[in-house]
$ cat query17.pdb   # PDB, C-alpha atoms
ATOM      1  CA  MET W 157      99.380  71.729  98.932
ATOM      2  CA  HIS W 158     100.536  75.184  97.886
ATOM      3  CA  LYS W 159      97.456  76.576  96.190
ATOM      4  CA  ALA W 160      97.330  79.557  98.564
ATOM      5  CA  LEU W 161     100.997  80.303  97.859
ATOM      6  CA  LEU W 162     100.301  80.422  94.129
ATOM      7  CA  ILE W 163      97.327  82.728  94.642
ATOM      8  CA  SER W 164      99.303  85.118  96.831
ATOM      9  CA  THR W 165     102.162  85.107  94.311
ATOM     10  CA  CYS W 166      99.746  85.894  91.486
ATOM     11  CA  ALA W 167      98.377  88.812  93.490
ATOM     12  CA  ALA W 168     101.855  90.077  94.384
ATOM     13  CA  GLU W 169     102.873  89.966  90.705
ATOM     14  CA  GLY W 170      99.772  91.892  89.620
ATOM     15  CA  LEU W 171      97.974  89.158  87.673
ATOM     16  CA  LEU W 172      94.334  89.658  86.729
ATOM     17  CA  ARG W 173      91.817  87.283  88.264
ATOM     18  CA  ASN W 174      91.376  85.252  85.080
ATOM     19  CA  GLN W 175      95.148  85.100  84.594
ATOM     20  CA  ALA W 176      95.584  83.817  88.148
ATOM     21  CA  ALA W 177      92.880  81.248  87.436
ATOM     22  CA  TYR W 178      94.838  79.948  84.465
ATOM     23  CA  VAL W 179      98.036  79.723  86.507
ATOM     24  CA  LEU W 180      96.152  77.646  89.095
ATOM     25  CA  ALA W 181      94.670  75.420  86.396
ATOM     26  CA  THR W 182      98.096  74.831  84.871
ATOM     27  CA  ALA W 183      99.725  74.038  88.215
ATOM     28  CA  ASP W 184      96.808  71.762  89.112
ATOM     29  CA  TRP W 185      97.261  69.762  85.917
ATOM     30  CA  GLU W 186     101.069  69.741  85.792
ATOM     31  CA  THR W 187     101.359  68.485  89.403
ATOM     32  CA  ASN W 188      98.718  65.771  89.007
ATOM     33  CA  HIS W 189      96.257  67.776  91.127
ATOM     34  CA  THR W 190      98.581  67.927  94.156
ATOM     35  CA  PHE W 191      99.730  71.561  93.982
ATOM     36  CA  GLU W 192     103.155  70.307  95.034
ATOM     37  CA  PRO W 193     106.300  70.982  92.952
ATOM     38  CA  VAL W 194     107.175  67.866  90.948
ATOM     39  CA  ARG W 195     110.108  66.525  88.939
ATOM     40  CA  GLU W 196     109.817  65.468  85.336
ATOM     41  CA  ALA W 197     108.958  61.761  84.963
ATOM     42  CA  TYR W 198     108.492  61.397  88.720
ATOM     43  CA  TRP W 199     106.284  58.361  88.056
ATOM     44  CA  VAL W 200     109.073  56.366  86.373
ATOM     45  CA  PRO W 201     110.861  53.684  88.483
ATOM     46  CA  ASN W 202     114.427  54.780  89.316
ATOM     47  CA  ALA W 203     113.472  58.155  87.910
ATOM     48  CA  GLU W 204     116.785  59.951  88.421
ATOM     49  CA  SER W 205     118.713  57.248  86.573
ATOM     50  CA  TRP W 206     116.124  57.346  83.804
ATOM     51  CA  ARG W 207     116.414  61.127  83.517
ATOM     52  CA  LYS W 208     120.192  61.006  83.351
ATOM     53  CA  LYS W 209     120.062  58.386  80.626
ATOM     54  CA  ASN W 210     117.181  59.743  78.538
ATOM     55  CA  LEU W 211     117.026  63.531  78.886
ATOM     56  CA  ARG W 212     119.540  65.470  76.817
ATOM     57  CA  TYR W 213     118.991  68.549  78.953
ATOM     58  CA  TYR W 214     119.884  66.715  82.190
ATOM     59  CA  PRO W 215     120.381  67.922  84.958
ATOM     60  CA  TRP W 216     118.154  70.854  83.982
ATOM     61  CA  TYR W 217     115.073  68.709  83.567
ATOM     62  CA  GLY W 218     111.528  69.738  84.407
ATOM     63  CA  ARG W 219     110.907  70.866  87.961
ATOM     64  CA  GLY W 220     108.297  72.893  89.834
ATOM     65  CA  PHE W 221     104.612  73.722  89.428
ATOM     66  CA  VAL W 222     105.285  73.976  85.692
ATOM     67  CA  GLN W 223     108.134  72.148  84.027
ATOM     68  CA  LEU W 224     111.133  74.440  83.734
ATOM     69  CA  THR W 225     113.626  72.742  81.372
ATOM     70  CA  TRP W 226     116.966  73.424  79.620
ATOM     71  CA  GLU W 227     119.975  75.205  81.073
ATOM     72  CA  ARG W 228     119.235  78.515  79.327
ATOM     73  CA  ASN W 229     115.787  78.647  80.936
ATOM     74  CA  TYR W 230     117.178  77.814  84.370
ATOM     75  CA  LYS W 231     119.681  80.623  83.909
ATOM     76  CA  LEU W 232     116.958  83.084  82.884
ATOM     77  CA  ALA W 233     114.601  82.072  85.675
ATOM     78  CA  GLY W 234     117.356  82.190  88.275
ATOM     79  CA  ALA W 235     118.331  85.711  87.229
ATOM     80  CA  LYS W 236     114.698  86.821  87.393
ATOM     81  CA  ILE W 237     113.999  85.454  90.878
ATOM     82  CA  GLY W 238     117.480  86.007  92.317
ATOM     83  CA  VAL W 239     118.406  82.345  92.854
ATOM     84  CA  ASP W 240     121.361  80.470  91.311
ATOM     85  CA  LEU W 241     119.510  77.671  89.543
ATOM     86  CA  ILE W 242     122.564  76.660  87.515
ATOM     87  CA  ALA W 243     124.636  75.738  90.560
ATOM     88  CA  ASN W 244     121.595  74.227  92.246
ATOM     89  CA  PRO W 245     118.796  73.216  89.866
ATOM     90  CA  ASP W 246     116.898  71.619  92.757
ATOM     91  CA  ALA W 247     116.248  75.106  94.135
ATOM     92  CA  ALA W 248     113.480  75.204  91.515
ATOM     93  CA  MET W 249     111.659  72.688  93.716
ATOM     94  CA  VAL W 250     111.452  75.097  96.669
ATOM     95  CA  PRO W 251     107.752  76.075  96.703
ATOM     96  CA  GLU W 252     108.346  79.833  96.890
ATOM     97  CA  ASN W 253     110.809  79.673  93.993
ATOM     98  CA  ALA W 254     108.573  77.342  92.005
ATOM     99  CA  ALA W 255     105.608  79.678  92.502
ATOM    100  CA  ARG W 256     107.512  82.708  91.201
ATOM    101  CA  ILE W 257     108.867  80.727  88.250
ATOM    102  CA  ALA W 258     105.353  79.629  87.303
ATOM    103  CA  VAL W 259     103.717  83.028  87.758
ATOM    104  CA  VAL W 260     106.393  85.321  86.342
ATOM    105  CA  GLY W 261     107.326  82.803  83.647
ATOM    106  CA  MET W 262     103.750  82.555  82.383
ATOM    107  CA  ARG W 263     103.288  86.305  82.578
ATOM    108  CA  GLU W 264     106.474  87.010  80.605
ATOM    109  CA  GLY W 265     106.439  84.027  78.251
ATOM    110  CA  TRP W 266     109.589  82.162  79.334
ATOM    111  CA  PHE W 267     108.432  78.698  78.331
ATOM    112  CA  THR W 268     107.318  78.941  74.706
ATOM    113  CA  GLY W 269     107.452  82.649  73.929
ATOM    114  CA  LYS W 270     103.689  82.921  74.480
ATOM    115  CA  LYS W 271     102.504  84.808  77.556
ATOM    116  CA  LEU W 272      99.303  85.210  79.573
ATOM    117  CA  SER W 273      98.334  88.544  78.052
ATOM    118  CA  ASP W 274      98.369  86.996  74.569
ATOM    119  CA  PHE W 275      95.241  85.050  75.501
ATOM    120  CA  ILE W 276      93.866  86.410  78.784
ATOM    121  CA  THR W 277      93.091  90.090  79.402
ATOM    122  CA  LEU W 278      90.412  92.210  81.048
ATOM    123  CA  LYS W 279      88.169  91.580  78.035
ATOM    124  CA  LEU W 280      89.301  88.101  76.980
ATOM    125  CA  SER W 281      89.576  84.691  78.657
ATOM    126  CA  ASN W 282      90.726  82.341  75.910
ATOM    127  CA  PHE W 283      91.641  79.572  78.330
ATOM    128  CA  LYS W 284      91.814  76.888  75.648
ATOM    129  CA  ALA W 285      94.315  78.704  73.437
ATOM    130  CA  ALA W 286      96.329  79.757  76.494
ATOM    131  CA  ARG W 287      97.769  76.245  76.701
ATOM    132  CA  ALA W 288     100.294  77.473  74.126
ATOM    133  CA  ILE W 289     102.027  79.299  77.005
ATOM    134  CA  ILE W 290     103.269  75.949  78.309
ATOM    135  CA  ASN W 291     102.747  73.079  75.886
ATOM    136  CA  GLY W 292     101.037  73.684  72.569
ATOM    137  CA  THR W 293      97.539  72.230  72.679
ATOM    138  CA  ASP W 294      98.166  69.226  74.943
ATOM    139  CA  LYS W 295      95.200  68.765  77.330
ATOM    140  CA  ALA W 296      94.058  72.290  76.446
ATOM    141  CA  VAL W 297      90.345  71.553  76.906
ATOM    142  CA  ALA W 298      90.742  69.900  80.312
ATOM    143  CA  ILE W 299      92.938  72.716  81.619
ATOM    144  CA  ALA W 300      90.540  75.345  80.256
ATOM    145  CA  ALA W 301      87.726  73.721  82.268
ATOM    146  CA  LEU W 302      89.845  73.923  85.414
ATOM    147  CA  ALA W 303      90.598  77.582  84.696
ATOM    148  CA  LYS W 304      86.884  78.405  84.467
ATOM    149  CA  LYS W 305      86.329  76.727  87.818
ATOM    150  CA  TYR W 306      89.172  78.615  89.476
ATOM    151  CA  ASP W 307      88.063  81.901  87.935
ATOM    152  CA  ALA W 308      84.664  81.464  89.575
ATOM    153  CA  GLU W 309      86.261  80.533  92.907
ATOM    154  CA  LEU W 310      88.587  83.539  92.862
ATOM    155  CA  LYS W 311      85.677  85.829  92.047
ATOM    156  CA  VAL W 312      83.736  84.582  95.065
ATOM    157  CA  ALA W 313      86.857  84.988  97.200
ATOM    158  CA  GLY W 314      87.188  88.623  96.048
ATOM    159  CA  TYR W 315      90.559  88.224  94.355
ATOM    160  CA  GLY W 316      91.871  91.580  93.200
ATOM    161  CA  GLU W 317      88.974  93.618  94.565
ATOM    162  CA  THR W 318      89.483  96.850  96.513
ATOM    163  CA  VAL W 319      86.948  98.999  98.295
ATOM    164  CA  ALA W 320      87.114 102.690  97.395
ATOM    165  CA  ALA W 321      85.664 105.491  99.501
ATOM    166  CA  PRO W 322      82.403 106.797  98.015
ATOM    167  CA  THR W 323      82.714 110.031  96.052
ATOM    168  CA  PRO W 324      79.866 112.556  96.442
ATOM    169  CA  SER W 325      78.033 113.240  93.207
ATOM    170  CA  PRO W 326      78.586 116.777  91.893
ATOM    171  CA  ALA W 327      74.946 116.786  90.762
ATOM    172  CA  SER W 328      73.618 116.207  94.262
ATOM    173  CA  SER W 329      70.921 118.730  95.236
ATOM    174  CA  THR W 330      71.316 118.181  98.981
ATOM    175  CA  PRO W 331      72.764 121.341 100.509
ATOM    176  CA  PRO W 332      75.729 120.922 102.803
ATOM    177  CA  ALA W 333      74.968 120.941 106.518
ATOM    178  CA  ARG W 334      75.442 124.247 108.266
ATOM    179  CA  PRO W 335      78.408 124.217 110.610
ATOM    180  CA  VAL W 336      77.468 124.409 114.274
ATOM    181  CA  PRO W 337      79.383 127.229 115.962
ATOM    182  CA  ALA W 338      81.516 126.098 118.852
ATOM    183  CA  LYS W 339      80.538 127.385 122.299
ATOM    184  CA  SER W 340      82.913 129.738 124.008
ATOM    185  CA  PRO W 341      84.419 128.623 127.361
ATOM    186  CA  ILE W 342      82.313 131.216 129.242
ATOM    187  CA  ALA W 343      79.089 130.012 127.652
ATOM    188  CA  ALA W 344      79.974 126.459 128.596
ATOM    189  CA  VAL W 345      80.526 127.422 132.250
ATOM    190  CA  VAL W 346      77.218 129.299 132.363
ATOM    191  CA  ALA W 347      75.414 126.274 130.945
ATOM    192  CA  VAL W 348      76.928 123.982 133.592
ATOM    193  CA  LEU W 349      76.006 126.370 136.443
ATOM    194  CA  ALA W 350      72.451 126.651 135.112
ATOM    195  CA  ALA W 351      72.111 122.888 135.081
ATOM    196  CA  ILE W 352      73.417 122.626 138.652
ATOM    197  CA  GLY W 353      71.015 125.347 139.822
ATOM    198  CA  ALA W 354      68.072 123.588 138.206
ATOM    199  CA  ALA W 355      69.012 120.334 139.904
ATOM    200  CA  ILE W 356      69.250 122.007 143.354
ATOM    201  CA  TYR W 357      65.881 123.738 142.873
ATOM    202  CA  ALA W 358      64.224 120.449 141.945
ATOM    203  CA  PHE W 359      65.689 118.748 145.013
ATOM    204  CA  LEU W 360      64.588 121.453 147.447
ATOM    205  CA  LYS W 361      61.114 121.500 145.974
ATOM    206  CA  LEU W 362      60.873 117.725 146.339
ATOM    207  CA  LYS W 363      61.754 118.033 150.063
ATOM    208  CA  GLY W 364      59.133 120.717 150.586
ATOM    209  CA  ILE W 365      61.662 123.368 151.435
ATOM    210  CA  LEU W 366      60.578 125.463 148.488
ATOM    211  CA  PRO W 367      56.940 126.014 147.393
TER     212      PRO W 367
END
$ encode --input "query17.pdb" --output "structure tokens"
Amino acid sequence: MHKALLISTCAAEGLLRNQAAYVLATADWETNHTFEPVREAYWVPNAESWRKKNLRYYPWYGRGFVQLTWERNYKLAGAKIGVDLIANPDAAMVPENAARIAVVGMREGWFTGKKLSDFITLKLSNFKAARAIINGTDKAVAIAALAKKYDAELKVAGYGETVAAPTPSPASSTPPARPVPAKSPIAAVVAVLAAIGAAIYAFLKLKGILP
């Protein structure tokens, strides 16, 4: 399971918490709740033969946490993440590559022309309509419910939060503390000698030597 990888990739790419939640929801659904990169039609017997026979965009069929398809999209994604996906389409199955394809692709709108910020911003979380980023309205309600769950989980986990140093209020009426002057070296020596003398006097008095 690569849920943590997706979260860290979202954070590294600067996604808002609710945007990261929708990426997680999409990956959850598209991978059949495994959070493992998958191949298109992985459930079909003799799947590779079926793909070759039935998919007109073969060998650039769907791979990853979201289904990257068509040669032009493999070329675009490869250029964006710095991997030659034309020479080796299976590189889209490498989890780190798949995570960047999902996150950056959804942020920039590679899949349908719709992107995360069209539906999900600081002030808006239209998780249902956001399905258009990947696949029209298919399973939009179910994925929106997952996104709400992940948004709550990420909030509890503190996704995207930073702790800033407190800034003193300019209206504060508390006067600043007076600086304590440093003691000179001579004064420090005198203080030490006085303490030693007091200790000797107390000792002699205790022994009855002094009245």
$ resolve_selection --input "query17.pdb" --expression "the PyMOL selection byres ((chain W and resi 315) around 10)" --output "PyMOL selection string"
chain W and resi 163-164+166-167+172-174+176+307+309-314+316-318
$ write_last_selection --input "query17.pdb" --atoms "C-alpha atoms" --output "PDB file, in the frame of the given file"
ATOM      1  CA  ILE W 163      97.327  82.728  94.642  1.00  0.00           C
ATOM      2  CA  SER W 164      99.303  85.118  96.831  1.00  0.00           C
ATOM      3  CA  CYS W 166      99.746  85.894  91.486  1.00  0.00           C
ATOM      4  CA  ALA W 167      98.377  88.812  93.490  1.00  0.00           C
ATOM      5  CA  LEU W 172      94.334  89.658  86.729  1.00  0.00           C
ATOM      6  CA  ARG W 173      91.817  87.283  88.264  1.00  0.00           C
ATOM      7  CA  ASN W 174      91.376  85.252  85.080  1.00  0.00           C
ATOM      8  CA  ALA W 176      95.584  83.817  88.148  1.00  0.00           C
ATOM      9  CA  ASP W 307      88.063  81.901  87.935  1.00  0.00           C
ATOM     10  CA  GLU W 309      86.261  80.533  92.907  1.00  0.00           C
ATOM     11  CA  LEU W 310      88.587  83.539  92.862  1.00  0.00           C
ATOM     12  CA  LYS W 311      85.677  85.829  92.047  1.00  0.00           C
ATOM     13  CA  VAL W 312      83.736  84.582  95.065  1.00  0.00           C
ATOM     14  CA  ALA W 313      86.857  84.988  97.200  1.00  0.00           C
ATOM     15  CA  GLY W 314      87.188  88.623  96.048  1.00  0.00           C
ATOM     16  CA  GLY W 316      91.871  91.580  93.200  1.00  0.00           C
ATOM     17  CA  GLU W 317      88.974  93.618  94.565  1.00  0.00           C
ATOM     18  CA  THR W 318      89.483  96.850  96.513  1.00  0.00           C
TER      19      THR W 318
END
$ atom_distance --input "query17.pdb" --atom1 "atom CA of Ser281 of chain W" --atom2 "atom CA of Asn188 of chain W"
23.4 Å
$ atom_distance --input "query17.pdb" --atom1 "atom CA of Ala233 of chain W" --atom2 "atom CA of Lys305 of chain W"
28.9 Å
$ resolve_selection --input "query17.pdb" --expression "the PyMOL selection byres ((chain W and resi 191-197) around 12)" --output "ChimeraX atom specification"
/W:157-163,179-190,198-208,210-211,213-225,245-258
$ write_last_selection --input "query17.pdb" --atoms "C-alpha atoms" --output "mmCIF file, keeping the file's coordinate frame"
data_model
loop_
_atom_site.group_PDB
_atom_site.id
_atom_site.type_symbol
_atom_site.label_atom_id
_atom_site.label_comp_id
_atom_site.auth_asym_id
_atom_site.auth_seq_id
_atom_site.Cartn_x
_atom_site.Cartn_y
_atom_site.Cartn_z
ATOM 1 C CA MET W 157 99.380 71.729 98.932
ATOM 2 C CA HIS W 158 100.536 75.184 97.886
ATOM 3 C CA LYS W 159 97.456 76.576 96.190
ATOM 4 C CA ALA W 160 97.330 79.557 98.564
ATOM 5 C CA LEU W 161 100.997 80.303 97.859
ATOM 6 C CA LEU W 162 100.301 80.422 94.129
ATOM 7 C CA ILE W 163 97.327 82.728 94.642
ATOM 8 C CA VAL W 179 98.036 79.723 86.507
ATOM 9 C CA LEU W 180 96.152 77.646 89.095
ATOM 10 C CA ALA W 181 94.670 75.420 86.396
ATOM 11 C CA THR W 182 98.096 74.831 84.871
ATOM 12 C CA ALA W 183 99.725 74.038 88.215
ATOM 13 C CA ASP W 184 96.808 71.762 89.112
ATOM 14 C CA TRP W 185 97.261 69.762 85.917
ATOM 15 C CA GLU W 186 101.069 69.741 85.792
ATOM 16 C CA THR W 187 101.359 68.485 89.403
ATOM 17 C CA ASN W 188 98.718 65.771 89.007
ATOM 18 C CA HIS W 189 96.257 67.776 91.127
ATOM 19 C CA THR W 190 98.581 67.927 94.156
ATOM 20 C CA TYR W 198 108.492 61.397 88.720
ATOM 21 C CA TRP W 199 106.284 58.361 88.056
ATOM 22 C CA VAL W 200 109.073 56.366 86.373
ATOM 23 C CA PRO W 201 110.861 53.684 88.483
ATOM 24 C CA ASN W 202 114.427 54.780 89.316
ATOM 25 C CA ALA W 203 113.472 58.155 87.910
ATOM 26 C CA GLU W 204 116.785 59.951 88.421
ATOM 27 C CA SER W 205 118.713 57.248 86.573
ATOM 28 C CA TRP W 206 116.124 57.346 83.804
ATOM 29 C CA ARG W 207 116.414 61.127 83.517
ATOM 30 C CA LYS W 208 120.192 61.006 83.351
ATOM 31 C CA ASN W 210 117.181 59.743 78.538
ATOM 32 C CA LEU W 211 117.026 63.531 78.886
ATOM 33 C CA TYR W 213 118.991 68.549 78.953
ATOM 34 C CA TYR W 214 119.884 66.715 82.190
ATOM 35 C CA PRO W 215 120.381 67.922 84.958
ATOM 36 C CA TRP W 216 118.154 70.854 83.982
ATOM 37 C CA TYR W 217 115.073 68.709 83.567
ATOM 38 C CA GLY W 218 111.528 69.738 84.407
ATOM 39 C CA ARG W 219 110.907 70.866 87.961
ATOM 40 C CA GLY W 220 108.297 72.893 89.834
ATOM 41 C CA PHE W 221 104.612 73.722 89.428
ATOM 42 C CA VAL W 222 105.285 73.976 85.692
ATOM 43 C CA GLN W 223 108.134 72.148 84.027
ATOM 44 C CA LEU W 224 111.133 74.440 83.734
ATOM 45 C CA THR W 225 113.626 72.742 81.372
ATOM 46 C CA PRO W 245 118.796 73.216 89.866
ATOM 47 C CA ASP W 246 116.898 71.619 92.757
ATOM 48 C CA ALA W 247 116.248 75.106 94.135
ATOM 49 C CA ALA W 248 113.480 75.204 91.515
ATOM 50 C CA MET W 249 111.659 72.688 93.716
ATOM 51 C CA VAL W 250 111.452 75.097 96.669
ATOM 52 C CA PRO W 251 107.752 76.075 96.703
ATOM 53 C CA GLU W 252 108.346 79.833 96.890
ATOM 54 C CA ASN W 253 110.809 79.673 93.993
ATOM 55 C CA ALA W 254 108.573 77.342 92.005
ATOM 56 C CA ALA W 255 105.608 79.678 92.502
ATOM 57 C CA ARG W 256 107.512 82.708 91.201
ATOM 58 C CA ILE W 257 108.867 80.727 88.250
ATOM 59 C CA ALA W 258 105.353 79.629 87.303
#
$ closest_residue --input "query17.pdb" --among "W:Leu241, W:Ala177, W:Ala235, W:Met262" --to "Ile290 of chain W" --atoms "only C-alpha atoms"
W:Met262
$ atom_distance --input "query17.pdb" --atom1 "atom CA of Lys271 of chain W" --atom2 "atom CA of Ile289 of chain W"
5.6 Å
$ closest_residue --input "query17.pdb" --among "W:Thr293, W:Thr165, W:Thr268, W:Ser273" --to "Asn229 of chain W" --atoms "all atoms listed in the file"
W:Thr268
$ resolve_selection --input "query17.pdb" --expression "the PyMOL selection byres ((chain W and resi 296) around 12)" --output "PyMOL selection string"
chain W and resi 178+181-182+185-186+282-295+297-303
$ write_last_selection --input "query17.pdb" --atoms "C-alpha atoms" --output "mmCIF file, in the coordinates of the input"
data_model
loop_
_atom_site.group_PDB
_atom_site.id
_atom_site.type_symbol
_atom_site.label_atom_id
_atom_site.label_comp_id
_atom_site.auth_asym_id
_atom_site.auth_seq_id
_atom_site.Cartn_x
_atom_site.Cartn_y
_atom_site.Cartn_z
ATOM 1 C CA TYR W 178 94.838 79.948 84.465
ATOM 2 C CA ALA W 181 94.670 75.420 86.396
ATOM 3 C CA THR W 182 98.096 74.831 84.871
ATOM 4 C CA TRP W 185 97.261 69.762 85.917
ATOM 5 C CA GLU W 186 101.069 69.741 85.792
ATOM 6 C CA ASN W 282 90.726 82.341 75.910
ATOM 7 C CA PHE W 283 91.641 79.572 78.330
ATOM 8 C CA LYS W 284 91.814 76.888 75.648
ATOM 9 C CA ALA W 285 94.315 78.704 73.437
ATOM 10 C CA ALA W 286 96.329 79.757 76.494
ATOM 11 C CA ARG W 287 97.769 76.245 76.701
ATOM 12 C CA ALA W 288 100.294 77.473 74.126
ATOM 13 C CA ILE W 289 102.027 79.299 77.005
ATOM 14 C CA ILE W 290 103.269 75.949 78.309
ATOM 15 C CA ASN W 291 102.747 73.079 75.886
ATOM 16 C CA GLY W 292 101.037 73.684 72.569
ATOM 17 C CA THR W 293 97.539 72.230 72.679
ATOM 18 C CA ASP W 294 98.166 69.226 74.943
ATOM 19 C CA LYS W 295 95.200 68.765 77.330
ATOM 20 C CA VAL W 297 90.345 71.553 76.906
ATOM 21 C CA ALA W 298 90.742 69.900 80.312
ATOM 22 C CA ILE W 299 92.938 72.716 81.619
ATOM 23 C CA ALA W 300 90.540 75.345 80.256
ATOM 24 C CA ALA W 301 87.726 73.721 82.268
ATOM 25 C CA LEU W 302 89.845 73.923 85.414
ATOM 26 C CA ALA W 303 90.598 77.582 84.696
#
